[in-house]
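Asks: I'm passing along work_35.cif; it holds mmCIF, C-alpha atoms and all ligand atoms.
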```cif
data_run
#
loop_
_atom_site.group_PDB
_atom_site.id
_atom_site.type_symbol
_atom_site.label_atom_id
_atom_site.label_comp_id
_atom_site.auth_asym_id
_atom_site.auth_seq_id
_atom_site.Cartn_x
_atom_site.Cartn_y
_atom_site.Cartn_z
ATOM 1 C CA MET M 135 78.631 108.656 79.576
ATOM 2 C CA ASN M 136 78.284 107.138 82.964
ATOM 3 C CA LEU M 137 79.615 103.621 82.816
ATOM 4 C CA LEU M 138 78.046 102.565 86.058
ATOM 5 C CA LYS M 139 74.667 102.932 84.513
ATOM 6 C CA ASN M 140 72.822 99.618 84.393
ATOM 7 C CA ASN M 141 69.587 100.799 82.884
ATOM 8 C CA PRO M 142 68.418 104.307 82.177
ATOM 9 C CA GLY M 143 67.768 105.982 85.488
ATOM 10 C CA GLU M 144 69.487 103.278 87.514
ATOM 11 C CA TYR M 145 73.039 103.689 88.787
ATOM 12 C CA ARG M 146 75.304 101.471 90.768
ATOM 13 C CA ASN M 147 77.856 102.334 93.332
ATOM 14 C CA LEU M 148 81.215 100.733 93.786
ATOM 15 C CA LYS M 149 83.584 100.044 96.686
ATOM 16 C CA VAL M 150 87.096 99.065 95.751
ATOM 17 C CA ALA M 151 90.254 98.493 97.811
ATOM 18 C CA VAL M 152 93.783 98.483 96.377
ATOM 19 C CA ALA M 153 96.456 96.305 98.027
ATOM 20 C CA GLY M 154 99.838 94.735 97.238
ATOM 21 C CA LYS M 155 103.484 94.549 98.217
ATOM 22 C CA GLY M 156 105.371 97.732 99.148
ATOM 23 C CA GLY M 157 106.242 100.060 96.286
ATOM 24 C CA VAL M 158 104.399 98.192 93.526
ATOM 25 C CA GLY M 159 102.221 101.196 92.610
ATOM 26 C CA LYS M 160 99.115 100.865 94.821
ATOM 27 C CA THR M 161 98.849 104.591 95.472
ATOM 28 C CA THR M 162 99.483 105.589 91.857
ATOM 29 C CA ILE M 163 96.790 103.194 90.663
ATOM 30 C CA ALA M 164 94.268 103.942 93.439
ATOM 31 C CA GLY M 165 94.595 107.715 92.974
ATOM 32 C CA THR M 166 94.328 107.562 89.193
ATOM 33 C CA LEU M 167 91.385 105.151 89.300
ATOM 34 C CA ALA M 168 89.586 107.433 91.748
ATOM 35 C CA ARG M 169 89.973 110.441 89.460
ATOM 36 C CA LEU M 170 88.990 108.553 86.332
ATOM 37 C CA LEU M 171 85.843 107.271 88.060
ATOM 38 C CA GLY M 172 85.208 110.850 89.169
ATOM 39 C CA ARG M 173 85.444 111.979 85.552
ATOM 40 C CA ASP M 174 82.680 109.511 84.749
ATOM 41 C CA GLY M 175 80.427 111.676 86.878
ATOM 42 C CA LEU M 176 80.552 109.746 90.143
ATOM 43 C CA ARG M 177 81.194 111.301 93.513
ATOM 44 C CA ILE M 178 84.298 109.585 94.851
ATOM 45 C CA LEU M 179 85.440 109.116 98.411
ATOM 46 C CA ALA M 180 89.107 108.135 98.362
ATOM 47 C CA VAL M 181 90.279 106.669 101.656
ATOM 48 C CA ASP M 182 93.957 106.491 102.528
ATOM 49 C CA ALA M 183 94.445 103.610 104.953
ATOM 50 C CA ASP M 184 98.246 103.728 104.800
ATOM 51 C CA PRO M 185 100.089 105.158 107.830
ATOM 52 C CA SER M 186 102.512 106.967 105.509
ATOM 53 C CA TYR M 187 99.596 108.494 103.645
ATOM 54 C CA THR M 188 100.593 109.664 100.148
ATOM 55 C CA LEU M 189 97.349 109.259 98.257
ATOM 56 C CA TRP M 190 96.931 113.047 98.231
ATOM 57 C CA SER M 191 99.885 113.310 95.832
ATOM 58 C CA ALA M 192 98.502 110.787 93.330
ATOM 59 C CA LEU M 193 95.176 112.631 93.480
ATOM 60 C CA GLY M 194 96.736 116.007 92.722
ATOM 61 C CA ILE M 195 95.955 117.639 96.075
ATOM 62 C CA PRO M 196 98.484 120.453 96.699
ATOM 63 C CA VAL M 197 101.231 119.858 99.226
ATOM 64 C CA ASP M 198 100.280 122.873 101.383
ATOM 65 C CA VAL M 199 96.796 121.370 101.834
ATOM 66 C CA ALA M 200 98.255 117.920 102.497
ATOM 67 C CA LYS M 201 100.602 119.257 105.179
ATOM 68 C CA LYS M 202 97.628 120.082 107.369
ATOM 69 C CA ILE M 203 96.189 116.567 107.300
ATOM 70 C CA ILE M 204 95.759 114.780 110.607
ATOM 71 C CA PRO M 205 94.865 111.147 109.951
ATOM 72 C CA LEU M 206 91.644 110.155 111.706
ATOM 73 C CA THR M 207 93.316 107.440 113.713
ATOM 74 C CA GLN M 208 95.923 109.903 115.006
ATOM 75 C CA ASN M 209 93.352 112.478 115.946
ATOM 76 C CA GLU M 210 93.371 111.925 119.673
ATOM 77 C CA ALA M 211 90.614 114.383 120.382
ATOM 78 C CA LEU M 212 88.363 112.562 117.942
ATOM 79 C CA ILE M 213 89.252 109.119 119.272
ATOM 80 C CA ASP M 214 88.578 110.354 122.790
ATOM 81 C CA GLU M 215 85.273 111.900 121.807
ATOM 82 C CA ARG M 216 84.038 108.899 119.843
ATOM 83 C CA LEU M 217 85.404 105.990 121.818
ATOM 84 C CA LYS M 218 85.798 107.042 125.413
ATOM 85 C CA ILE M 219 83.253 105.691 127.807
ATOM 86 C CA GLN M 220 82.258 108.315 130.328
ATOM 87 C CA GLY M 221 83.717 107.502 133.694
ATOM 88 C CA ALA M 222 86.156 104.871 132.423
ATOM 89 C CA GLU M 223 89.686 105.401 133.723
ATOM 90 C CA SER M 224 91.630 104.873 130.533
ATOM 91 C CA LEU M 225 91.035 104.146 126.901
ATOM 92 C CA SER M 226 93.244 101.107 126.936
ATOM 93 C CA GLY M 227 90.913 99.349 129.313
ATOM 94 C CA PHE M 228 87.439 100.240 128.130
ATOM 95 C CA PHE M 229 86.189 101.880 124.998
ATOM 96 C CA LYS M 230 83.160 101.781 122.801
ATOM 97 C CA LEU M 231 83.026 99.112 120.138
ATOM 98 C CA ASN M 232 80.499 100.952 118.034
ATOM 99 C CA PRO M 233 81.665 104.541 117.741
ATOM 100 C CA ARG M 234 79.666 107.043 115.748
ATOM 101 C CA VAL M 235 81.187 107.322 112.267
ATOM 102 C CA ASP M 236 78.409 108.541 109.992
ATOM 103 C CA ASP M 237 79.644 112.152 109.903
ATOM 104 C CA LEU M 238 83.385 111.527 109.555
ATOM 105 C CA ALA M 239 83.627 111.695 105.778
ATOM 106 C CA GLU M 240 81.631 114.915 105.714
ATOM 107 C CA LYS M 241 83.666 116.528 108.500
ATOM 108 C CA PHE M 242 87.169 115.439 107.614
ATOM 109 C CA ALA M 243 87.364 114.775 103.865
ATOM 110 C CA ILE M 244 89.402 117.185 101.735
ATOM 111 C CA GLN M 245 88.133 118.144 98.303
ATOM 112 C CA GLY M 246 90.407 117.205 95.412
ATOM 113 C CA PRO M 247 90.057 117.428 91.629
ATOM 114 C CA ASP M 248 87.580 115.465 89.485
ATOM 115 C CA ASN M 249 84.851 115.032 92.074
ATOM 116 C CA VAL M 250 87.137 113.169 94.488
ATOM 117 C CA SER M 251 87.270 113.826 98.231
ATOM 118 C CA LEU M 252 90.033 112.358 100.330
ATOM 119 C CA LEU M 253 89.672 110.948 103.811
ATOM 120 C CA VAL M 254 92.966 110.083 105.480
ATOM 121 C CA ALA M 255 92.294 107.261 107.893
ATOM 122 C CA GLY M 256 95.923 106.629 108.797
ATOM 123 C CA THR M 257 97.574 103.974 110.810
ATOM 124 C CA VAL M 258 95.996 100.996 112.397
ATOM 125 C CA GLU M 259 98.450 99.803 115.012
ATOM 126 C CA ILE M 260 98.235 96.123 115.364
ATOM 127 C CA GLY M 261 99.277 93.676 117.942
ATOM 128 C CA GLY M 262 97.918 90.706 116.062
ATOM 129 C CA SER M 263 95.187 90.410 113.507
ATOM 130 C CA GLY M 264 92.417 90.782 116.031
ATOM 131 C CA CYS M 265 93.652 94.131 117.357
ATOM 132 C CA MET M 266 91.082 95.828 119.516
ATOM 133 C CA CYS M 267 92.808 99.173 119.932
ATOM 134 C CA PRO M 268 90.586 102.251 119.665
ATOM 135 C CA SER M 269 92.046 103.530 116.388
ATOM 136 C CA ALA M 270 91.509 100.167 114.671
ATOM 137 C CA THR M 271 87.959 100.057 115.965
ATOM 138 C CA LEU M 272 87.265 103.519 114.579
ATOM 139 C CA LEU M 273 88.605 102.626 111.145
ATOM 140 C CA LYS M 274 86.879 99.259 110.937
ATOM 141 C CA THR M 275 83.588 100.760 111.992
ATOM 142 C CA LEU M 276 83.993 103.539 109.450
ATOM 143 C CA MET M 277 84.621 101.054 106.643
ATOM 144 C CA ARG M 278 81.688 98.863 107.589
ATOM 145 C CA HIS M 279 79.257 101.720 107.921
ATOM 146 C CA LEU M 280 80.170 103.711 104.867
ATOM 147 C CA VAL M 281 76.986 103.707 102.946
ATOM 148 C CA LEU M 282 77.231 104.920 99.429
ATOM 149 C CA GLY M 283 74.405 106.575 97.624
ATOM 150 C CA THR M 284 73.803 106.116 93.941
ATOM 151 C CA ASP M 285 76.492 107.584 91.700
ATOM 152 C CA GLU M 286 79.077 107.245 94.424
ATOM 153 C CA ALA M 287 82.225 105.193 94.611
ATOM 154 C CA PHE M 288 84.733 104.487 97.286
ATOM 155 C CA VAL M 289 88.409 103.774 96.566
ATOM 156 C CA MET M 290 90.708 102.707 99.406
ATOM 157 C CA ASP M 291 94.509 102.750 99.206
ATOM 158 C CA MET M 292 95.904 100.174 101.636
ATOM 159 C CA ASP M 293 99.283 99.903 103.300
ATOM 160 C CA ALA M 294 101.853 97.424 102.026
ATOM 161 C CA GLY M 295 101.446 93.696 102.515
ATOM 162 C CA VAL M 296 98.329 91.663 102.942
ATOM 163 C CA GLU M 297 98.225 90.940 106.653
ATOM 164 C CA ASN M 298 96.098 94.049 107.122
ATOM 165 C CA LEU M 299 93.391 92.462 104.996
ATOM 166 C CA GLY M 300 92.612 90.038 107.773
ATOM 167 C CA ARG M 301 91.773 92.933 110.088
ATOM 168 C CA GLY M 302 88.356 93.495 108.700
ATOM 169 C CA THR M 303 88.935 96.883 107.085
ATOM 170 C CA THR M 304 88.044 95.520 103.667
ATOM 171 C CA LYS M 305 84.836 93.742 104.642
ATOM 172 C CA GLY M 306 81.951 94.660 102.417
ATOM 173 C CA MET M 307 84.047 95.864 99.487
ATOM 174 C CA ASP M 308 82.870 94.944 95.987
ATOM 175 C CA ALA M 309 86.361 94.420 94.681
ATOM 176 C CA LEU M 310 89.916 94.064 95.895
ATOM 177 C CA ILE M 311 92.604 94.977 93.371
ATOM 178 C CA VAL M 312 95.944 93.382 94.111
ATOM 179 C CA VAL M 313 98.684 95.323 92.365
ATOM 180 C CA THR M 314 101.748 93.306 91.475
ATOM 181 C CA GLU M 315 105.045 93.808 89.710
ATOM 182 C CA PRO M 316 106.746 91.234 87.542
ATOM 183 C CA SER M 317 108.929 90.113 90.444
ATOM 184 C CA ARG M 318 108.723 86.879 92.347
ATOM 185 C CA ARG M 319 108.187 88.489 95.732
ATOM 186 C CA ALA M 320 105.422 90.766 94.521
ATOM 187 C CA LEU M 321 103.693 87.874 92.789
ATOM 188 C CA GLN M 322 103.833 85.701 95.905
ATOM 189 C CA ILE M 323 101.354 88.095 97.476
ATOM 190 C CA LEU M 324 98.703 86.722 95.136
ATOM 191 C CA GLY M 325 99.039 83.303 96.772
ATOM 192 C CA LYS M 326 98.804 84.830 100.243
ATOM 193 C CA ILE M 327 95.671 86.704 99.242
ATOM 194 C CA LYS M 328 94.036 83.451 98.251
ATOM 195 C CA ASP M 329 94.892 81.957 101.640
ATOM 196 C CA LEU M 330 93.276 84.937 103.325
ATOM 197 C CA ALA M 331 90.257 85.012 101.037
ATOM 198 C CA SER M 332 87.773 83.713 103.562
ATOM 199 C CA ASP M 333 88.790 86.375 106.131
ATOM 200 C CA ILE M 334 88.756 89.140 103.557
ATOM 201 C CA ASP M 335 85.076 88.787 102.707
ATOM 202 C CA ILE M 336 85.202 90.709 99.468
ATOM 203 C CA GLY M 337 83.028 90.441 96.372
ATOM 204 C CA ARG M 338 85.780 89.851 93.855
ATOM 205 C CA ILE M 339 89.557 89.787 93.790
ATOM 206 C CA TYR M 340 91.468 91.024 90.737
ATOM 207 C CA ALA M 341 95.128 91.403 89.865
ATOM 208 C CA VAL M 342 96.718 94.368 88.104
ATOM 209 C CA GLY M 343 100.261 94.103 86.772
ATOM 210 C CA ASN M 344 102.316 97.290 87.077
ATOM 211 C CA LYS M 345 105.722 98.471 85.825
ATOM 212 C CA VAL M 346 105.470 95.862 83.104
ATOM 213 C CA ASP M 347 108.395 96.132 80.718
ATOM 214 C CA GLY M 348 108.002 93.914 77.682
ATOM 215 C CA LEU M 349 106.641 90.533 76.777
ATOM 216 C CA GLU M 350 108.682 88.542 79.278
ATOM 217 C CA ASP M 351 107.227 90.555 82.136
ATOM 218 C CA GLU M 352 103.730 90.076 80.736
ATOM 219 C CA GLU M 353 104.318 86.353 80.481
ATOM 220 C CA MET M 354 105.594 86.163 84.069
ATOM 221 C CA ILE M 355 102.473 87.875 85.375
ATOM 222 C CA ARG M 356 100.169 85.803 83.209
ATOM 223 C CA GLU M 357 101.695 82.553 84.492
ATOM 224 C CA ALA M 358 101.485 83.604 88.141
ATOM 225 C CA ILE M 359 97.885 84.693 88.006
ATOM 226 C CA LYS M 360 96.890 81.602 86.062
ATOM 227 C CA ASN M 361 98.326 79.479 88.873
ATOM 228 C CA GLU M 362 96.375 81.407 91.497
ATOM 229 C CA GLY M 363 93.186 81.685 89.475
ATOM 230 C CA ILE M 364 92.867 85.431 90.064
ATOM 231 C CA PRO M 365 91.593 87.352 87.004
ATOM 232 C CA LEU M 366 93.852 90.039 85.562
ATOM 233 C CA LEU M 367 92.219 93.426 85.014
ATOM 234 C CA GLY M 368 95.166 94.588 82.945
ATOM 235 C CA ASN M 369 98.846 95.479 82.880
ATOM 236 C CA VAL M 370 100.265 98.970 83.323
ATOM 237 C CA PRO M 371 103.565 99.501 81.507
ATOM 238 C CA LEU M 372 106.683 100.903 83.097
ATOM 239 C CA ASP M 373 106.112 104.556 82.297
ATOM 240 C CA ARG M 374 108.809 107.212 82.598
ATOM 241 C CA GLU M 375 106.180 109.913 82.809
ATOM 242 C CA ILE M 376 104.711 108.397 85.977
ATOM 243 C CA LYS M 377 108.166 108.533 87.552
ATOM 244 C CA GLU M 378 108.679 112.056 86.263
ATOM 245 C CA ALA M 379 105.349 113.192 87.741
ATOM 246 C CA ASP M 380 106.492 111.789 91.079
ATOM 247 C CA ARG M 381 109.758 113.727 90.840
ATOM 248 C CA ARG M 382 107.882 116.942 90.067
ATOM 249 C CA GLY M 383 105.355 116.373 92.853
ATOM 250 C CA MET M 384 102.463 116.148 90.402
ATOM 251 C CA ALA M 385 99.648 113.642 89.954
ATOM 252 C CA PRO M 386 100.571 111.532 86.913
ATOM 253 C CA LEU M 387 97.146 112.238 85.426
ATOM 254 C CA ASP M 388 97.901 115.985 85.543
ATOM 255 C CA MET M 389 101.262 115.566 83.889
ATOM 256 C CA ASN M 390 100.109 113.567 80.891
ATOM 257 C CA PRO M 391 96.714 111.847 80.829
ATOM 258 C CA ASP M 392 97.718 110.200 77.533
ATOM 259 C CA SER M 393 100.909 108.557 78.741
ATOM 260 C CA PRO M 394 100.979 104.768 78.182
ATOM 261 C CA GLY M 395 100.547 104.136 81.919
ATOM 262 C CA MET M 396 97.573 106.483 82.264
ATOM 263 C CA ARG M 397 95.908 104.947 79.221
ATOM 264 C CA ALA M 398 96.383 101.478 80.674
ATOM 265 C CA ILE M 399 94.778 102.565 83.964
ATOM 266 C CA PHE M 400 91.888 104.018 81.967
ATOM 267 C CA ASP M 401 91.336 100.592 80.358
ATOM 268 C CA ILE M 402 91.556 98.942 83.786
ATOM 269 C CA LYS M 403 88.906 101.320 85.088
ATOM 270 C CA GLU M 404 86.601 100.391 82.218
ATOM 271 C CA ARG M 405 87.163 96.689 82.812
ATOM 272 C CA LEU M 406 86.582 97.053 86.556
ATOM 273 C CA VAL M 407 83.332 98.878 85.990
ATOM 274 C CA SER M 408 81.983 96.370 83.500
ATOM 275 C CA GLU M 409 83.047 93.425 85.691
ATOM 276 C CA THR M 410 81.477 94.767 88.843
ATOM 277 C CA GLN M 411 78.297 95.647 87.004
ATOM 278 C CA ASP M 412 77.746 91.927 86.571
ATOM 279 C CA VAL M 413 77.481 91.441 90.332
ATOM 280 C CA THR M 414 73.842 91.096 91.153
HETATM 281 N N1 LIG H 1 103.825 102.168 85.863
HETATM 282 C C1 LIG H 1 104.808 102.833 86.471
HETATM 283 N N2 LIG H 1 105.909 103.203 85.788
HETATM 284 C C2 LIG H 1 106.919 103.868 86.389
HETATM 285 N N3 LIG H 1 106.935 104.208 87.677
HETATM 286 C C3 LIG H 1 105.865 103.863 88.418
HETATM 287 C C4 LIG H 1 104.734 103.164 87.869
HETATM 288 N N4 LIG H 1 103.814 102.976 88.854
HETATM 289 C C5 LIG H 1 104.337 103.537 89.967
HETATM 290 N N5 LIG H 1 105.561 104.071 89.715
HETATM 291 C C6 LIG H 1 106.462 104.727 90.670
HETATM 292 O O1 LIG H 1 106.817 103.765 91.660
HETATM 293 C C7 LIG H 1 106.927 104.384 92.933
HETATM 294 C C8 LIG H 1 106.001 103.689 93.935
HETATM 295 O O2 LIG H 1 104.659 103.919 93.539
HETATM 296 P P1 LIG H 1 103.472 104.031 94.616
HETATM 297 O O3 LIG H 1 103.819 105.011 95.677
HETATM 298 O O4 LIG H 1 102.230 104.223 93.848
HETATM 299 O O5 LIG H 1 103.554 102.551 95.214
HETATM 300 P P2 LIG H 1 102.857 101.967 96.531
HETATM 301 O O6 LIG H 1 102.620 100.530 96.255
HETATM 302 O O7 LIG H 1 101.699 102.791 96.908
HETATM 303 O O8 LIG H 1 104.039 102.160 97.590
HETATM 304 P P3 LIG H 1 103.920 102.015 99.196
HETATM 305 O O9 LIG H 1 103.947 100.537 99.476
HETATM 306 O O10 LIG H 1 105.160 102.720 99.668
HETATM 307 O O11 LIG H 1 102.642 102.658 99.618
HETATM 308 C C9 LIG H 1 106.600 105.857 92.736
HETATM 309 O O12 LIG H 1 107.801 106.557 92.564
HETATM 310 C C10 LIG H 1 105.800 105.862 91.434
HETATM 311 O O13 LIG H 1 105.919 107.085 90.750
HETATM 312 MG MG MG H 2 101.228 103.718 98.727
#
```
Could the structure of this file be written out as structure tokens, please?
Ligand SMILES: Nc1ncnc2c1ncn2[C@@H]1O[C@H](COP(=O)(O)OP(=O)(O)OP(=O)(O)O)[C@@H](O)[C@H]1O
Ligand SMILES: [Mg+2]
Replies:
Amino acid sequence: MNLLKNNPGEYRNLKVAVAGKGGVGKTTIAGTLARLLGRDGLRILAVDADPSYTLWSALGIPVDVAKKIIPLTQNEALIDERLKIQGAESLSGFFKLNPRVDDLAEKFAIQGPDNVSLLVAGTVEIGGSGCMCPSATLLKTLMRHLVLGTDEAFVMDMDAGVENLGRGTTKGMDALIVVTEPSRRALQILGKIKDLASDIDIGRIYAVGNKVDGLEDEEMIREAIKNEGIPLLGNVPLDREIKEADRRGMAPLDMNPDSPGMRAIFDIKERLVSETQDVT
């Protein structure tokens, strides 16, 4: 069954970004969500926007394939080709603000399991939120111009923190998922997200609790999100099998799709789909 189906013959597409504090589980959740959406019959483009790109591992792409990845924003030949203005002395002075990006996914994405392709965007060096460096321009333009067809979804794994959200890479997304742990510092991010909301320009913002160990943790997350008024898509329990998959270099979904954590992410996927279907 395709859950993105509104009416017979009519399908939606979905663009979702996953953010949060360092180490909370963004990559685990983004990679698993991408594959579960892929299993629903959608074509998925997973975009890794983290400079220390690890989304390949959560997607189950083999390490020997991953070793060959050159992130788009570190591909100097590409940046030169797409952004250099003929005759200009150096890139730092003059470069195009509207580089061609329509073929990047097709040319550079790597095929993974479950109908998911991975595009590693890589680092966006910043010298302030309004960075105008060529790599940032390439990534921003790519994000803004990604046009999804029907039966397609786009899942972006962000780097840690929320400052990056003000850089425009998330503009035009249907949903931003903020992953949080039951710790004060991770939960504070939710407040920062609200402050940034007007810059972020995203359809909807949701929280997901991760590494939740018992009722006290659940309560702590519930309180924090109530204060911020951000809806909770669900909690993912602390799951030894997710850790074990990491140790073995496997995608957690390949190790045990029925582990408590994987089942919780399945429920979150269902909730996300039904919530975003309401957007008209
Ligand atoms: N529910 C969970 N239960 C147990 N371990 C988990 C869970 N979710 C994630 N982990 C583990 O926590 C670690 C960090 O996860 P992950 O890399 O997904 O976080 P991240 O937010 O993407 O980190 P970074 O900020 O470095 O990109 C990994 O070792 C992962 O296996
Ligand atoms: Mg990560």
Asks: I'd like the contact shell of segment 314-329 of chain M - 6 Å cut-off, only C-alpha atoms, skipping same-chain residues fewer than 3 positions apart - returned as a PyMOL selection string.
Replies: chain M and resi 155+158+343-344+351+355
Asks: Check which residues satisfy the PyMOL selection byres (((not hetatm)) within 10 of (chain H and resi 2)) in the file shown, then give them as a ChimeraX atom specification.
Replies: /M:152-165,182-189,192,291-294
Asks: Identify all residues satisfying the PyMOL selection byres (((chain M and resi 199) around 12) and not hetatm) in the given file; provide them as a VMD selection string.
Replies: chain M and resid 190 to 191 194 to 198 200 to 204 243 to 246 252
Asks: Once you have the residues from the selection above, write them out as an mmCIF file, in the frame of the given file, restricted to C-alpha atoms.
Replies:
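Everything below was put into part.cif:
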```
data_model
loop_
_atom_site.group_PDB
_atom_site.id
_atom_site.type_symbol
_atom_site.label_atom_id
_atom_site.label_comp_id
_atom_site.auth_asym_id
_atom_site.auth_seq_id
_atom_site.Cartn_x
_atom_site.Cartn_y
_atom_site.Cartn_z
ATOM 1 C CA TRP M 190 96.931 113.047 98.231
ATOM 2 C CA SER M 191 99.885 113.310 95.832
ATOM 3 C CA GLY M 194 96.736 116.007 92.722
ATOM 4 C CA ILE M 195 95.955 117.639 96.075
ATOM 5 C CA PRO M 196 98.484 120.453 96.699
ATOM 6 C CA VAL M 197 101.231 119.858 99.226
ATOM 7 C CA ASP M 198 100.280 122.873 101.383
ATOM 8 C CA ALA M 200 98.255 117.920 102.497
ATOM 9 C CA LYS M 201 100.602 119.257 105.179
ATOM 10 C CA LYS M 202 97.628 120.082 107.369
ATOM 11 C CA ILE M 203 96.189 116.567 107.300
ATOM 12 C CA ILE M 204 95.759 114.780 110.607
ATOM 13 C CA ALA M 243 87.364 114.775 103.865
ATOM 14 C CA ILE M 244 89.402 117.185 101.735
ATOM 15 C CA GLN M 245 88.133 118.144 98.303
ATOM 16 C CA GLY M 246 90.407 117.205 95.412
ATOM 17 C CA LEU M 252 90.033 112.358 100.330
#
```
Asks: Selection in question (the file shown): the PyMOL selection byres (((chain M and resi 205) around 8) and not hetatm). Which residues does it include, as a list in words?
Replies: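 Selected by the PyMOL selection byres (((chain M and resi 205) around 8) and not hetatm) here: Ile203, Ile204, Leu206, Thr207, Gln208, Asn209, Val254, Ala255, Gly256 and Thr257 of chain M.
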Asks: Name all residues at most 10 Å from Leu231 of chain M (count only C-alpha atoms; drop same-chain ones fewer than 4 positions away) and give them as a PyMOL selection string.
Replies: chain M and resi 216-218+266-268+271-272+274-275
Asks: Output C-alpha atoms for every residue in the selection just made, as a PDB file, in the frame of the given file.
Replies:
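Output file result.pdb follows:
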```
ATOM      1  CA  ARG M 216      84.038 108.899 119.843  1.00  0.00           C
ATOM      2  CA  LEU M 217      85.404 105.990 121.818  1.00  0.00           C
ATOM      3  CA  LYS M 218      85.798 107.042 125.413  1.00  0.00           C
ATOM      4  CA  MET M 266      91.082  95.828 119.516  1.00  0.00           C
ATOM      5  CA  CYS M 267      92.808  99.173 119.932  1.00  0.00           C
ATOM      6  CA  PRO M 268      90.586 102.251 119.665  1.00  0.00           C
ATOM      7  CA  THR M 271      87.959 100.057 115.965  1.00  0.00           C
ATOM      8  CA  LEU M 272      87.265 103.519 114.579  1.00  0.00           C
ATOM      9  CA  LYS M 274      86.879  99.259 110.937  1.00  0.00           C
ATOM     10  CA  THR M 275      83.588 100.760 111.992  1.00  0.00           C
TER      11      THR M 275
END
```
Asks: From the options M:Thr304, M:Thr410, M:Asn390, M:Asn369, which residue's atoms come nearest to ligand LIG 1 (chain H), counting only C-alpha atoms and all ligand atoms?
Replies: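 Closest to ligand LIG 1 (chain H), using only C-alpha atoms and all ligand atoms: M:Asn369.
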Asks: Provide the atom CA of Gly306 of chain M to atom CA of Asp335 of chain M distance in Å, to one decimal place.
Replies: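 Between atom CA of Gly306 of chain M and atom CA of Asp335 of chain M the gap is 6.7 Å.
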